[in-house]
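Raw contents of data.pdb, PDB, C-alpha atoms:
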ATOM      1  CA  MET U   1      87.584 181.680 -13.234
ATOM      2  CA  PRO U   2      86.289 183.227 -16.474
ATOM      3  CA  GLU U   3      83.055 181.924 -17.923
ATOM      4  CA  VAL U   4      83.265 180.286 -21.355
ATOM      5  CA  LYS U   5      81.218 182.495 -23.684
ATOM      6  CA  VAL U   6      80.422 180.794 -26.999
ATOM      7  CA  ARG U   7      79.380 183.044 -29.886
ATOM      8  CA  LYS U   8      78.792 180.261 -32.398
ATOM      9  CA  THR U   9      79.570 176.689 -33.324
ATOM     10  CA  LEU U  10      80.066 175.093 -36.699
ATOM     11  CA  VAL U  11      80.225 171.439 -37.752
ATOM     12  CA  GLN U  12      81.563 170.362 -41.110
ATOM     13  CA  VAL U  13      81.490 166.878 -42.587
ATOM     14  CA  GLU U  14      83.436 165.706 -45.607
ATOM     15  CA  THR U  15      82.757 162.369 -47.297
ATOM     16  CA  ILE U  16      85.455 161.107 -49.671
ATOM     17  CA  PHE U  17      84.239 158.427 -52.080
ATOM     18  CA  HIS U  18      87.452 158.079 -54.124
ATOM     19  CA  GLU U  19      90.562 159.991 -55.116
ATOM     20  CA  GLY U  20      90.529 159.182 -58.814
ATOM     21  CA  GLY U  21      91.103 155.462 -58.327
ATOM     22  CA  PRO U  22      88.852 152.619 -57.249
ATOM     23  CA  ALA U  23      86.257 153.370 -54.612
ATOM     24  CA  PRO U  24      86.922 151.834 -51.180
ATOM     25  CA  GLU U  25      84.385 149.562 -49.479
ATOM     26  CA  ALA U  26      83.315 152.499 -47.315
ATOM     27  CA  PRO U  27      84.039 156.181 -47.921
ATOM     28  CA  GLN U  28      86.245 158.100 -45.523
ATOM     29  CA  LYS U  29      84.305 160.609 -43.438
ATOM     30  CA  ARG U  30      85.983 163.547 -41.743
ATOM     31  CA  ALA U  31      84.176 165.789 -39.258
ATOM     32  CA  ALA U  32      85.273 168.993 -37.587
ATOM     33  CA  ALA U  33      83.573 170.838 -34.758
ATOM     34  CA  ILE U  34      84.483 174.487 -34.203
ATOM     35  CA  ALA U  35      83.466 176.680 -31.284
ATOM     36  CA  VAL U  36      84.091 180.414 -31.435
ATOM     37  CA  ILE U  37      84.535 181.727 -27.917
ATOM     38  CA  GLU U  38      85.396 184.994 -26.233
ATOM     39  CA  ASN U  39      89.069 185.153 -25.247
ATOM     40  CA  PRO U  40      89.053 186.295 -21.605
ATOM     41  CA  TYR U  41      92.765 187.171 -21.819
ATOM     42  CA  ALA U  42      92.739 189.202 -25.038
ATOM     43  CA  GLY U  43      94.221 192.671 -25.009
ATOM     44  CA  GLY U  44      96.915 192.282 -22.367
ATOM     45  CA  TYR U  45      99.309 189.908 -20.702
ATOM     46  CA  VAL U  46      97.873 187.756 -17.901
ATOM     47  CA  GLU U  47     100.345 185.561 -16.006
ATOM     48  CA  ASP U  48      97.995 182.867 -14.659
ATOM     49  CA  ILE U  49      95.818 181.584 -17.495
ATOM     50  CA  LEU U  50      95.820 177.951 -16.373
ATOM     51  CA  PRO U  51      92.413 178.011 -14.587
ATOM     52  CA  PHE U  52      90.629 178.595 -17.916
ATOM     53  CA  MET U  53      91.785 175.175 -19.118
ATOM     54  CA  LYS U  54      89.496 173.489 -16.575
ATOM     55  CA  ASP U  55      86.614 175.759 -17.636
ATOM     56  CA  LEU U  56      86.982 174.498 -21.227
ATOM     57  CA  GLU U  57      86.460 170.818 -20.319
ATOM     58  CA  PRO U  58      82.635 170.772 -20.718
ATOM     59  CA  LEU U  59      82.963 172.471 -24.106
ATOM     60  CA  GLY U  60      85.517 169.864 -25.159
ATOM     61  CA  ALA U  61      83.129 167.049 -24.236
ATOM     62  CA  GLU U  62      80.284 168.725 -26.112
ATOM     63  CA  MET U  63      82.414 169.220 -29.224
ATOM     64  CA  ALA U  64      83.654 165.606 -29.164
ATOM     65  CA  LYS U  65      80.015 164.512 -29.161
ATOM     66  CA  MET U  66      79.302 166.896 -32.043
ATOM     67  CA  CYS U  67      82.009 165.187 -34.126
ATOM     68  CA  ILE U  68      80.825 161.679 -33.255
ATOM     69  CA  ASP U  69      77.219 162.613 -34.064
ATOM     70  CA  ALA U  70      78.317 164.125 -37.390
ATOM     71  CA  LEU U  71      80.036 160.846 -38.258
ATOM     72  CA  GLY U  72      76.883 158.820 -37.605
ATOM     73  CA  GLY U  73      76.800 158.538 -33.818
ATOM     74  CA  ASP U  74      78.992 155.445 -33.393
ATOM     75  CA  ALA U  75      82.129 156.348 -31.415
ATOM     76  CA  SER U  76      83.713 152.988 -32.272
ATOM     77  CA  ALA U  77      83.854 154.089 -35.941
ATOM     78  CA  VAL U  78      86.357 156.856 -35.151
ATOM     79  CA  GLU U  79      89.900 155.962 -36.274
ATOM     80  CA  GLY U  80      91.629 159.339 -36.494
ATOM     81  CA  TYR U  81      91.690 162.601 -34.562
ATOM     82  CA  GLY U  82      93.318 165.996 -34.156
ATOM     83  CA  LYS U  83      92.746 169.389 -32.580
ATOM     84  CA  GLY U  84      93.624 173.029 -33.092
ATOM     85  CA  ALA U  85      92.944 176.652 -32.259
ATOM     86  CA  ILE U  86      92.963 179.977 -34.049
ATOM     87  CA  VAL U  87      93.508 182.877 -31.661
ATOM     88  CA  GLY U  88      92.263 186.344 -32.631
ATOM     89  CA  VAL U  89      94.894 189.068 -33.077
ATOM     90  CA  ASN U  90      94.388 190.599 -29.621
ATOM     91  CA  GLY U  91      95.416 187.293 -28.039
ATOM     92  CA  GLU U  92      98.569 185.217 -27.972
ATOM     93  CA  ILE U  93      99.476 181.737 -29.143
ATOM     94  CA  GLU U  94      99.523 180.512 -25.530
ATOM     95  CA  HIS U  95      95.782 181.150 -25.292
ATOM     96  CA  GLY U  96      95.310 178.551 -28.023
ATOM     97  CA  ALA U  97      97.553 176.135 -26.121
ATOM     98  CA  LEU U  98      94.936 176.092 -23.353
ATOM     99  CA  TRP U  99      92.931 173.774 -25.650
ATOM    100  CA  HIS U 100      95.494 170.920 -25.538
ATOM    101  CA  VAL U 101      94.161 169.175 -22.439
ATOM    102  CA  PRO U 102      90.393 169.846 -22.583
ATOM    103  CA  GLY U 103      90.173 169.202 -26.330
ATOM    104  CA  GLY U 104      92.430 166.169 -26.445
ATOM    105  CA  TYR U 105      91.126 164.371 -23.392
ATOM    106  CA  ALA U 106      87.522 165.020 -24.397
ATOM    107  CA  MET U 107      88.076 163.062 -27.605
ATOM    108  CA  ARG U 108      90.091 160.333 -25.906
ATOM    109  CA  ASP U 109      87.349 159.903 -23.298
ATOM    110  CA  ALA U 110      84.609 159.755 -25.942
ATOM    111  CA  ILE U 111      86.030 157.074 -28.218
ATOM    112  CA  GLU U 112      87.428 153.569 -27.888
ATOM    113  CA  LYS U 113      91.103 152.668 -28.192
ATOM    114  CA  SER U 114      92.593 156.133 -27.949
ATOM    115  CA  MET U 115      96.078 155.709 -26.543
ATOM    116  CA  ALA U 116      97.835 157.894 -29.138
ATOM    117  CA  ILE U 117      98.640 161.512 -28.478
ATOM    118  CA  VAL U 118      96.196 163.878 -30.182
ATOM    119  CA  PRO U 119      98.142 165.950 -32.734
ATOM    120  CA  SER U 120      97.600 169.673 -32.587
ATOM    121  CA  THR U 121      98.245 172.994 -34.228
ATOM    122  CA  LYS U 122      97.504 176.589 -33.349
ATOM    123  CA  LYS U 123      98.086 180.058 -34.706
ATOM    124  CA  VAL U 124      97.146 183.689 -34.242
ATOM    125  CA  GLY U 125      95.101 185.104 -37.105
ATOM    126  CA  ALA U 126      92.360 187.410 -38.289
ATOM    127  CA  ALA U 127      88.754 186.534 -39.074
ATOM    128  CA  GLY U 128      88.601 184.021 -41.901
ATOM    129  CA  THR U 129      91.985 182.468 -41.132
ATOM    130  CA  ARG U 130      92.163 178.823 -42.191
ATOM    131  CA  LEU U 131      93.873 176.107 -40.168
ATOM    132  CA  ASP U 132      95.184 172.711 -41.289
ATOM    133  CA  VAL U 133      94.498 170.403 -38.345
ATOM    134  CA  PRO U 134      96.810 167.361 -38.305
ATOM    135  CA  VAL U 135      95.257 163.921 -37.918
ATOM    136  CA  THR U 136      96.750 160.624 -36.761
ATOM    137  CA  HIS U 137      95.375 157.215 -35.817
ATOM    138  CA  THR U 138      93.623 157.248 -32.433
ATOM    139  CA  ASN U 139      95.464 154.288 -30.972
ATOM    140  CA  ALA U 140      98.891 154.285 -32.634
ATOM    141  CA  SER U 141     100.634 157.404 -33.871
ATOM    142  CA  TYR U 142     102.844 155.448 -36.304
ATOM    143  CA  VAL U 143      99.984 154.208 -38.503
ATOM    144  CA  ARG U 144     100.981 155.950 -41.754
ATOM    145  CA  THR U 145      97.654 155.443 -43.514
ATOM    146  CA  HIS U 146      96.050 157.890 -41.074
ATOM    147  CA  TYR U 147      98.555 160.750 -41.431
ATOM    148  CA  ASP U 148      96.232 163.428 -42.724
ATOM    149  CA  ALA U 149      94.991 166.972 -42.179
ATOM    150  CA  VAL U 150      91.598 168.636 -42.267
ATOM    151  CA  GLU U 151      91.328 172.282 -43.274
ATOM    152  CA  VAL U 152      88.916 174.342 -41.187
ATOM    153  CA  GLY U 153      87.886 177.941 -40.755
ATOM    154  CA  VAL U 154      84.996 180.282 -40.064
ATOM    155  CA  PRO U 155      84.442 183.295 -42.358
ATOM    156  CA  ASP U 156      83.839 185.768 -39.514
ATOM    157  CA  ALA U 157      86.046 184.259 -36.818
ATOM    158  CA  PRO U 158      88.047 184.645 -34.808
ATOM    159  CA  ARG U 159      87.365 188.288 -34.195
ATOM    160  CA  PRO U 160      90.247 190.080 -32.409
ATOM    161  CA  ASN U 161      89.039 189.122 -28.911
ATOM    162  CA  GLU U 162      88.006 185.532 -29.752
ATOM    163  CA  ILE U 163      89.427 182.033 -30.115
ATOM    164  CA  ALA U 164      88.170 179.420 -32.578
ATOM    165  CA  LEU U 165      88.630 175.999 -30.945
ATOM    166  CA  VAL U 166      88.651 172.926 -33.202
ATOM    167  CA  LEU U 167      88.253 169.147 -32.844
ATOM    168  CA  VAL U 168      88.555 166.769 -35.808
ATOM    169  CA  MET U 169      87.665 163.074 -36.128
ATOM    170  CA  THR U 170      87.847 160.683 -39.077
ATOM    171  CA  THR U 171      86.461 157.211 -39.779
ATOM    172  CA  ALA U 172      89.363 155.851 -41.842
ATOM    173  CA  GLY U 173      92.808 156.509 -43.196
ATOM    174  CA  ARG U 174      93.515 158.264 -46.479
ATOM    175  CA  ILE U 175      91.729 156.881 -49.519
ATOM    176  CA  HIS U 176      94.231 154.857 -51.603
ATOM    177  CA  ALA U 177      96.935 155.021 -48.879
ATOM    178  CA  ARG U 178      99.867 152.982 -50.159
ATOM    179  CA  ILE U 179     103.143 154.262 -48.709
ATOM    180  CA  GLY U 180     103.835 151.218 -46.525
ATOM    181  CA  GLY U 181     104.601 151.183 -42.826
ATOM    182  CA  LEU U 182     102.423 150.153 -39.902
ATOM    183  CA  THR U 183      98.767 149.484 -40.762
ATOM    184  CA  LYS U 184      95.771 149.660 -38.435
ATOM    185  CA  ASP U 185      95.507 145.845 -38.512
ATOM    186  CA  GLN U 186      99.022 145.599 -37.030
ATOM    187  CA  VAL U 187      98.422 147.936 -34.059
ATOM    188  CA  LYS U 188      99.385 146.405 -30.720
ATOM    189  CA  GLY U 189      97.777 149.209 -28.692
ATOM    190  CA  GLU U 190     100.337 149.154 -25.901
ATOM    191  CA  ASP U 191     102.140 152.487 -26.025
ATOM    192  CA  GLY U 192     100.160 154.860 -28.252
ATOM    193  CA  LEU U 193     102.843 154.595 -30.921
ATOM    194  CA  ARG U 194     102.582 151.099 -32.426
TER     195      ARG U 194
END
Here is the file; what I need is its structure written in the form of structure tokens.
Amino acid sequence: MPEVKVRKTLVQVETIFHEGGPAPEAPQKRAAAIAVIENPYAGGYVEDILPFMKDLEPLGAEMAKMCIDALGGDASAVEGYGKGAIVGVNGEIEHGALWHVPGGYAMRDAIEKSMAIVPSTKKVGAAGTRLDVPVTHTNASYVRTHYDAVEVGVPDAPRPNEIALVLVMTTAGRIHARIGGLTKDQVKGEDGLR
């Protein structure tokens, strides 16, 4: 199995105090952890890429911890999550799909009440490509207040033979959310949806 070779990591934290209206009791915090790794499959088609997914599991756990630490260190404060990947131009979109299991399960294992599927996005792009990572509530995908996205990117990544892997966590829904639907207080926590 290929070794995971990390060139750099980046953590970003955004704190939203208001959106032009009244300030909430607590600001929404959104953290993203990005790891830029060498793509062992760049430059040609490889049929069996599945073993690399297992190799990415320790990195997923480390990045989940990076997000939790950036949000203050209390995993129980995490209410939203998402993941993504930007594959350098010598790779293929399927190389980014390898992140689904190690990235998603790392976050679900690190936080409480995480029955909801972890939303995801991926693309192939050049260095500096930006990615809008979708976010939903960690325990119920239908909680509308937590439908969100966090924009991420690294100025010099991914290089052609790299992948930028991303995890995102948030501490609350959108500031001033008011479009109705299921709220976090109504979550039953039985099926990951409601």
Exercise. Counting all atoms listed in the file, find the residues whose atoms lie at most 12 Å from (94.0, 168.9, -22.4) (file coordinates) and write them out as a ChimeraX atom specification.
Key: /U:50,52-61,83-84,96-109,117-120,167
Include C-alpha atoms and write out the residues we just selected as a PDB file, keeping the file's coordinate frame.
ATOM      1  CA  LEU U  50      95.820 177.951 -16.373  1.00  0.00           C
ATOM      2  CA  PHE U  52      90.629 178.595 -17.916  1.00  0.00           C
ATOM      3  CA  MET U  53      91.785 175.175 -19.118  1.00  0.00           C
ATOM      4  CA  LYS U  54      89.496 173.489 -16.575  1.00  0.00           C
ATOM      5  CA  ASP U  55      86.614 175.759 -17.636  1.00  0.00           C
ATOM      6  CA  LEU U  56      86.982 174.498 -21.227  1.00  0.00           C
ATOM      7  CA  GLU U  57      86.460 170.818 -20.319  1.00  0.00           C
ATOM      8  CA  PRO U  58      82.635 170.772 -20.718  1.00  0.00           C
ATOM      9  CA  LEU U  59      82.963 172.471 -24.106  1.00  0.00           C
ATOM     10  CA  GLY U  60      85.517 169.864 -25.159  1.00  0.00           C
ATOM     11  CA  ALA U  61      83.129 167.049 -24.236  1.00  0.00           C
ATOM     12  CA  LYS U  83      92.746 169.389 -32.580  1.00  0.00           C
ATOM     13  CA  GLY U  84      93.624 173.029 -33.092  1.00  0.00           C
ATOM     14  CA  GLY U  96      95.310 178.551 -28.023  1.00  0.00           C
ATOM     15  CA  ALA U  97      97.553 176.135 -26.121  1.00  0.00           C
ATOM     16  CA  LEU U  98      94.936 176.092 -23.353  1.00  0.00           C
ATOM     17  CA  TRP U  99      92.931 173.774 -25.650  1.00  0.00           C
ATOM     18  CA  HIS U 100      95.494 170.920 -25.538  1.00  0.00           C
ATOM     19  CA  VAL U 101      94.161 169.175 -22.439  1.00  0.00           C
ATOM     20  CA  PRO U 102      90.393 169.846 -22.583  1.00  0.00           C
ATOM     21  CA  GLY U 103      90.173 169.202 -26.330  1.00  0.00           C
ATOM     22  CA  GLY U 104      92.430 166.169 -26.445  1.00  0.00           C
ATOM     23  CA  TYR U 105      91.126 164.371 -23.392  1.00  0.00           C
ATOM     24  CA  ALA U 106      87.522 165.020 -24.397  1.00  0.00           C
ATOM     25  CA  MET U 107      88.076 163.062 -27.605  1.00  0.00           C
ATOM     26  CA  ARG U 108      90.091 160.333 -25.906  1.00  0.00           C
ATOM     27  CA  ASP U 109      87.349 159.903 -23.298  1.00  0.00           C
ATOM     28  CA  ILE U 117      98.640 161.512 -28.478  1.00  0.00           C
ATOM     29  CA  VAL U 118      96.196 163.878 -30.182  1.00  0.00           C
ATOM     30  CA  PRO U 119      98.142 165.950 -32.734  1.00  0.00           C
ATOM     31  CA  SER U 120      97.600 169.673 -32.587  1.00  0.00           C
ATOM     32  CA  LEU U 167      88.253 169.147 -32.844  1.00  0.00           C
TER      33      LEU U 167
END
I'd like the contact shell of U:Gln12 - 9 Å cut-off, only C-alpha atoms, skipping same-chain residues fewer than 3 positions apart - returned as a CSV table (one decimal) with C-alpha atoms, in the coordinates of the input.
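The resulting file, around.csv, is reproduced below:
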chain,number,residue,atom,x,y,z
U,30,ARG,CA,86.0,163.5,-41.7
U,31,ALA,CA,84.2,165.8,-39.3
U,32,ALA,CA,85.3,169.0,-37.6
U,33,ALA,CA,83.6,170.8,-34.8
U,34,ILE,CA,84.5,174.5,-34.2
U,67,CYS,CA,82.0,165.2,-34.1
U,70,ALA,CA,78.3,164.1,-37.4
U,152,VAL,CA,88.9,174.3,-41.2
Selection dump of the PyMOL selection byres ((chain U and resi 81) around 6), as a compact mmCIF listing (two decimals) with C-alpha atoms, keeping the file's coordinate frame:
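What ended up in result.txt:
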# COMPACT_ATOMS: atom_id res chain seq x y z
CA GLY U 80 91.63 159.34 -36.49
CA GLY U 82 93.32 166.00 -34.16
CA VAL U 135 95.26 163.92 -37.92
CA THR U 136 96.75 160.62 -36.76
CA VAL U 168 88.56 166.77 -35.81
CA MET U 169 87.66 163.07 -36.13
Self-check item: Expected residue set, 6 Å radius at (90.3, 158.8, -39.5), all atoms listed in the file, as a PyMOL selection string
Solution: chain U and resi 79-80+170-173
Go ahead and write the selection's residues with C-alpha atoms as a CSV table (one decimal), in the coordinates of the input.
chain,number,residue,atom,x,y,z
U,79,GLU,CA,89.9,156.0,-36.3
U,80,GLY,CA,91.6,159.3,-36.5
U,170,THR,CA,87.8,160.7,-39.1
U,171,THR,CA,86.5,157.2,-39.8
U,172,ALA,CA,89.4,155.9,-41.8
U,173,GLY,CA,92.8,156.5,-43.2
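Atom pair atom CA of U:Ala116 / atom CA of U:Val143: separated by 10.3 Å.
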Self-check item: Between atom CA of U:Ala35 and atom CA of U:Pro155 - distance in Å to one decimal
Solution: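 Atom CA of U:Ala35 lies at a distance of 12.9 Å from atom CA of U:Pro155.
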Quiz item: So what does the PyMOL selection byres ((chain U and resi 174) around 9) actually pick up in this one, as a PyMOL selection string?
Solution: chain U and resi 28+145-148+172-173+175-177
Quiz item: What lies within 7 Å of stretch 157-166 of chain U using all atoms listed in the file, ignoring chain neighbours under 6 positions off, as a ChimeraX atom specification?
Solution: /U:32-39,42,83-91,126-128
